[in-house]
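Asks: Structure in structure tokens, see below.
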Amino acid sequence: MSEFRVGDGDFLLDGRPVRLLSGALHYFRVHEAQWGHRLGMLRAMGLNCVETYVPWNLHEPRPGEFRDVERLGRFLDAVREAGLWAIVRPGPYICAEWENGGLPHWVTGGLGTRARTRDEGFLRPVERWFGRLLPQVVSRQVDRGGPVLLVQVENEYGSYGSDAGYLARLADLLRGEGVTVPLFTSDGPEDHMLTGGSLPGVLATVNFGSHARVAFETLRRHRGAGPLMCGEFWCGWFDHWGGEHAVRDAADAEAVLREILECGASVNLYMAHGGTSFGGWAGANRGGGDLHEGPLLPDVTSYDYDAPVDEAGRPTDKFWRFREVLAAYADGPLPDPPPPPARLGAPAEVELTGWASLGTVVDALGGPETSSPVPPTFEDLDVDRGVVRYEVTVPGPRQPYPLTARGLRDVAVVYVDGKRAGTLTEDDDRLKEPVAGHARVELWVESLGRVNYGPRSGEPKGITGGLLHERQYLHGVRARGLRLDALDDVTGVALGPLDGDGGPGLYRGTITVRGAGDACLELPGWTRGFVWINGFNLGRYWSAGPQETLYVPGPVLREGVNDVWLLEYEGSPTGEPIRAPALKAR
């Protein structure tokens with residue numbers, strides 16, 4: 001058993017000064033069978049600690065329905081086995097470029113801006129969640145023989161709010177559930193962020209990507225004593241669909257890491273290994289500068305983050321540069337990197353064998369159909385990730401008028417009397433061709449990821465402002481939602497022959513693997529959707545780029561025949577048959 005505490009100028013482990021050399025690795029973004037390898041890579045880079053968030057919405061998708069909360073405990077056991085310490089950031093909000101910042105849609109949907117405050121409507125489900133989660137952490141604290149040294153209170157709260165009473169309630173809740181190791185907060189190195197996000201008596205850390213000395217000077221103005229720590233050193237960055245691939249110069253990142261350590265500070269590399277936002281859990285940001293009120297910027301599936309350990313677990317130039325810097329602070333020689341994971345033995349194509357229309361899929365696997373005067377939101381229909389089919393009748397006879405989906409979030413494929421009429425987006429929410437009545441209109445609306453940062457986090461999805469025909473609202477809307485996790489078991493969907501026009505729908509296929517190992521899936525001609533291999537959801541693909549392939553962890557594949565399912569929302573842009581996806585070595 002050990003004692004870890006915050007001293008006047010250092011972290012103290014059993015009374016001895018210790019510097020935390022940590023790296024972020026999210027257990028939920030790495031296949032469990034690969035945890036050991038990735039943790040070994042962090043040790044080989046010279047780190048002595050690993051940090052992870054905990055996504056509430058992944059583990060409690062519906063109120064009181066908990067899914068594999070023990071996964072965190074298994075990860076912390078793997079951390080201890082790897083000879084590392086651990087920092088746990090349980091939220092309840094985590095950002096992390098994760099769907100809704102980790103908050104369940106069923107929490108934020110009815111609360112709006114009352115989320116992340118002392119409002120009892122928010123704190124009651126937080127208390128239930130922490131009561132279920134924290135035993136996984138408490139029993140693995142360093143004073144009980146485990147690896148956990150630090151636990152965070154909320155996350156970058158000063159970038160969002162100023163409810164000091166809320167932060168104090170969370171800290172009391174953590175202590176009340178048995179957290180005895182030091183608590184900490186992390187915020188940007190700006191006065192308003194540190195005043196809004198820090199707590200008296202709780203260690204404050206700062207997050208940044210450059211200008212370490214300036215950042216620590218700001219922290220010292222707020223905290224005259226205590227260890228200096230960069231809670232997140234942004235050594236890379238993330239990508240948005242339709243944007244450019246983000247790359248940070250390795251030499252520049254190395255220089256900032258040196259600067260942090262020369263200041264005598266502890267550090268947490270964000271990310272040390274990013275991994276993948278499997279299962280469609282990638283979130284979204286809002287553009288528009290400091291206010292984050294601009295256009296939606298959905299995050300790609302890959303969370304490679306230009307990290308020193310890449311998405312497939314391989315060392316990059318940044319890895320070797322960081323290793324050289326960190327070696328000077330190690331107690332002894334650094335271990336060699338573990339052997340690389342196996343790679344796919346031979347490329348193979350998916351053989352497509354069946355297809356079902358989106359209508360067939362939602363009728364088989366969707367929730368109950370509703371009828372209401374105005375369009376319900378995704379939250380109203382209990383859809384976290386997925387699609388909603390809205391149907392409305394344009395009365396007639398009447399002349400053609402523009403049709404508008406007000407407050408659309410995020411994209412809708414529209415059919416008028418069964419014929420495709422166009423695709424609408426948040427910024428282009430009016431059909432190009434007017435619609436005459438009498439007509440039946442279907443709008444298939446997809447969420448591209450809930451906002452994970454800024455004042456518009458928690459905003460609802462779907463058609464949030466009504467359907468307009470000219471200036472008249474169309475009432476009497478039928479709606480049916482399809483949650484993405486409903487497709488983890490598709491045995492109830494009746495398949496027919498392949499759609500020769502490459503249309504939207506659910507495609508079934510198989511792929512024969514020789515030499516199972518890490519691979520990537522290419523999807524030439526496919527537009528936007530999701531892929532499952534052997535029931536494992538690889539995440540969203542989208543021809544908008546910059547991500548061009550999906551990472552397939554080797555443990556997902558098996559020798560011989562593998563099942564493949566593809567949910568395509570748009571269909572071939574040319575109307576030609578979609579080409580078979582191909583699996584290649586990663």
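In the structure tokens, chains take letters A, B, ... by order of appearance, with residues numbered from 1 within each chain and ligands from 1 in the order shown.
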Where does DSSP see helix (DSSP H, G or I) in region 71-237 of chain A, if you list the residues as a PyMOL selection string?
Replies: chain A and resi 71-81+99-102+105-108+112-114+120-133+135-138+142-144+157-159+164-176+191-197+212-222
Asks: Each residue of region 376-460 of chain A with at least one atom at most 8 Å from region 97-109 of chain A should appear once, together with its nearest atom pair and the corresponding distance in Å (one decimal); atoms considered: only C-alpha atoms; ordering: chain, then increasing residue number; output as JSON lines.
Replies:
{"residue": "A:Glu379", "atom": "CA", "partner": "A:Gly109", "partner_atom": "CA", "distance": 5.7}
{"residue": "A:Asp380", "atom": "CA", "partner": "A:Gly109", "partner_atom": "CA", "distance": 7.9}
{"residue": "A:Asp382", "atom": "CA", "partner": "A:Trp106", "partner_atom": "CA", "distance": 7.1}
{"residue": "A:Asp384", "atom": "CA", "partner": "A:His105", "partner_atom": "CA", "distance": 6.1}
{"residue": "A:Gly449", "atom": "CA", "partner": "A:Glu99", "partner_atom": "CA", "distance": 5.7}
{"residue": "A:Arg450", "atom": "CA", "partner": "A:Asn100", "partner_atom": "CA", "distance": 4.7}
{"residue": "A:Val451", "atom": "CA", "partner": "A:Asn100", "partner_atom": "CA", "distance": 5.3}
{"residue": "A:Asn452", "atom": "CA", "partner": "A:Gly101", "partner_atom": "CA", "distance": 4.0}
{"residue": "A:Tyr453", "atom": "CA", "partner": "A:Gly101", "partner_atom": "CA", "distance": 6.7}
{"residue": "A:Ser457", "atom": "CA", "partner": "A:Asn100", "partner_atom": "CA", "distance": 6.4}
{"residue": "A:Gly458", "atom": "CA", "partner": "A:Thr108", "partner_atom": "CA", "distance": 5.4}
{"residue": "A:Glu459", "atom": "CA", "partner": "A:Gly109", "partner_atom": "CA", "distance": 7.4}
{"residue": "A:Pro460", "atom": "CA", "partner": "A:Gly109", "partner_atom": "CA", "distance": 6.3}
Asks: Please identify every residue of region 152-202 of chain A that has at least one atom no farther than 12 Å from an atom of region 6-25 of chain A, counting only C-alpha atoms, and for each give the shortest atom pair and the distance in Å to one decimal, arranged by chain then increasing number, as a tab-separated table.
Replies:
residue	atom	partner	partner_atom	distance
A:Val181	CA	A:Val6	CA	9.4
A:Pro182	CA	A:Val6	CA	6.9
A:Leu183	CA	A:Val6	CA	9.4
A:Phe184	CA	A:Val6	CA	10.0
A:Gly201	CA	A:Val6	CA	10.3
A:Val202	CA	A:Val6	CA	9.4
Asks: Take the residues just selected and output them with C-alpha atoms as an mmCIF file, in the first residue's frame.
Replies:
data_model
loop_
_atom_site.group_PDB
_atom_site.id
_atom_site.type_symbol
_atom_site.label_atom_id
_atom_site.label_comp_id
_atom_site.auth_asym_id
_atom_site.auth_seq_id
_atom_site.Cartn_x
_atom_site.Cartn_y
_atom_site.Cartn_z
ATOM 1 C CA VAL A 181 -6.438 9.956 -3.689
ATOM 2 C CA PRO A 182 -5.970 13.634 -4.613
ATOM 3 C CA LEU A 183 -8.585 15.303 -6.782
ATOM 4 C CA PHE A 184 -7.697 17.759 -9.553
ATOM 5 C CA GLY A 201 -8.175 22.880 -1.894
ATOM 6 C CA VAL A 202 -8.184 20.910 -5.147
#
Asks: Leaving out Asp518 (chain A) and any residue of its chain fewer than 5 positions from it, which residues lie within 6 Å of it when counting only C-alpha atoms, given as an MDAnalysis selection string?
Replies: chainID A and resid 343:344 552:554 586
Asks: I want to know what sits within 12 Å of Pro504 (chain A), based on only C-alpha atoms, with residues of the same chain fewer than 2 positions away left out; could you give that as a count of residues only?
Replies: 33
Asks: Do you have, as a tab-separated table, the list of residues of region 271-388 of chain A lying at most 6 Å from region 45-51 of chain A, each with its nearest atom pair and that distance in Å to one decimal, counting only C-alpha atoms and ordered by chain then number?
Replies:
residue	atom	partner	partner_atom	distance
A:Arg323	CA	A:Met45	CA	4.5
A:Leu326	CA	A:Gly46	CA	5.2
A:Ala327	CA	A:Gly46	CA	5.8
Asks: Find the residues around Glu65 (chain A) up to 12 Å (only C-alpha atoms counted), leave out those fewer than 4 positions away in its own chain, and share them as a ChimeraX atom specification.
Replies: /A:56-61,69,104,106,125,128-129,132
Asks: Could you dump the residues just selected with N, CA, C and O atoms as a short mmCIF file (atom, residue, chain, number, x, y, z; two decimals), in the first residue's frame?
Replies:
data_model
loop_
_atom_site.label_atom_id
_atom_site.label_comp_id
_atom_site.auth_asym_id
_atom_site.auth_seq_id
_atom_site.Cartn_x
_atom_site.Cartn_y
_atom_site.Cartn_z
N TRP A 56 -19.85 8.29 -19.91
CA TRP A 56 -21.09 7.91 -19.24
C TRP A 56 -22.09 7.32 -20.23
O TRP A 56 -22.72 6.28 -19.98
N ASN A 57 -22.27 7.97 -21.40
CA ASN A 57 -23.31 7.51 -22.34
C ASN A 57 -23.02 6.14 -22.92
O ASN A 57 -23.94 5.43 -23.32
N LEU A 58 -21.75 5.74 -22.99
CA LEU A 58 -21.42 4.39 -23.46
C LEU A 58 -21.90 3.34 -22.48
O LEU A 58 -22.38 2.27 -22.87
N HIS A 59 -21.80 3.64 -21.19
CA HIS A 59 -22.08 2.65 -20.16
C HIS A 59 -23.50 2.71 -19.61
O HIS A 59 -23.94 1.76 -18.95
N GLU A 60 -24.23 3.82 -19.84
CA GLU A 60 -25.63 3.90 -19.40
C GLU A 60 -26.46 4.48 -20.55
O GLU A 60 -26.90 5.62 -20.51
N PRO A 61 -26.68 3.68 -21.60
CA PRO A 61 -27.38 4.20 -22.79
C PRO A 61 -28.84 4.56 -22.53
O PRO A 61 -29.42 5.36 -23.26
N VAL A 69 -19.79 -1.75 -17.11
CA VAL A 69 -19.03 -0.76 -16.34
C VAL A 69 -17.72 -1.36 -15.85
O VAL A 69 -16.72 -0.65 -15.65
N PRO A 104 -25.20 11.35 -21.50
CA PRO A 104 -26.28 10.64 -22.18
C PRO A 104 -27.30 11.61 -22.78
O PRO A 104 -27.62 12.65 -22.18
N TRP A 106 -30.36 11.19 -22.97
CA TRP A 106 -31.58 11.23 -22.16
C TRP A 106 -31.42 12.14 -20.93
O TRP A 106 -32.41 12.48 -20.28
N PRO A 125 -29.20 11.95 -11.66
CA PRO A 125 -28.64 10.85 -12.46
C PRO A 125 -27.12 10.75 -12.35
O PRO A 125 -26.56 9.65 -12.46
N ARG A 128 -26.46 8.64 -9.27
CA ARG A 128 -26.71 7.22 -9.54
C ARG A 128 -25.56 6.62 -10.36
O ARG A 128 -25.09 5.52 -10.08
N TRP A 129 -25.12 7.37 -11.37
CA TRP A 129 -24.04 6.90 -12.23
C TRP A 129 -22.74 6.73 -11.44
O TRP A 129 -22.07 5.70 -11.53
N ARG A 132 -22.60 3.73 -9.32
CA ARG A 132 -22.35 2.48 -10.06
C ARG A 132 -20.91 2.40 -10.57
O ARG A 132 -20.30 1.33 -10.60
#
Asks: Would you work out the distance separating CA of Gly503 (chain A) from CA of Asp489 (chain A), expressed in Å to one decimal?
Replies: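 If I compute the distance from CA of Gly503 (chain A) to CA of Asp489 (chain A), I get 21.9 Å.
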Asks: Which residue, A:Val350, A:Val490, A:Ala328, A:Val394, has the smallest gap to Val362 (chain A) when you use only C-alpha atoms?
Replies: A:Val490
Asks: Neighbours of Leu474 (chain A) within 8 Å (only C-alpha atoms; same-chain residues fewer than 3 positions away dropped), as an MDAnalysis selection string?
Replies: chainID A and resid 374 392:394 466:469 477
Asks: Name the residues in contact with Pro455 (chain A) at a cut-off of 8 Å, using only C-alpha atoms, excluding same-chain residues fewer than 5 positions from it; report them as a tab-separated table (two decimals) with N, CA and C atoms, in the first residue's frame.
Replies:
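Listing of part.tsv after writing:
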chain	number	residue	atom	x	y	z
A	160	TYR	N	-16.73	26.32	-19.90
A	160	TYR	CA	-18.18	26.21	-20.09
A	160	TYR	C	-18.99	27.03	-19.09
A	291	LEU	N	-16.76	31.68	-29.79
A	291	LEU	CA	-18.09	31.41	-29.27
A	291	LEU	C	-18.61	30.02	-29.64
A	292	HIS	N	-17.97	29.35	-30.60
A	292	HIS	CA	-18.37	28.00	-30.99
A	292	HIS	C	-19.87	27.92	-31.30
A	293	GLU	N	-20.31	28.87	-32.12
A	293	GLU	CA	-21.72	28.94	-32.51
A	293	GLU	C	-21.90	28.75	-34.01
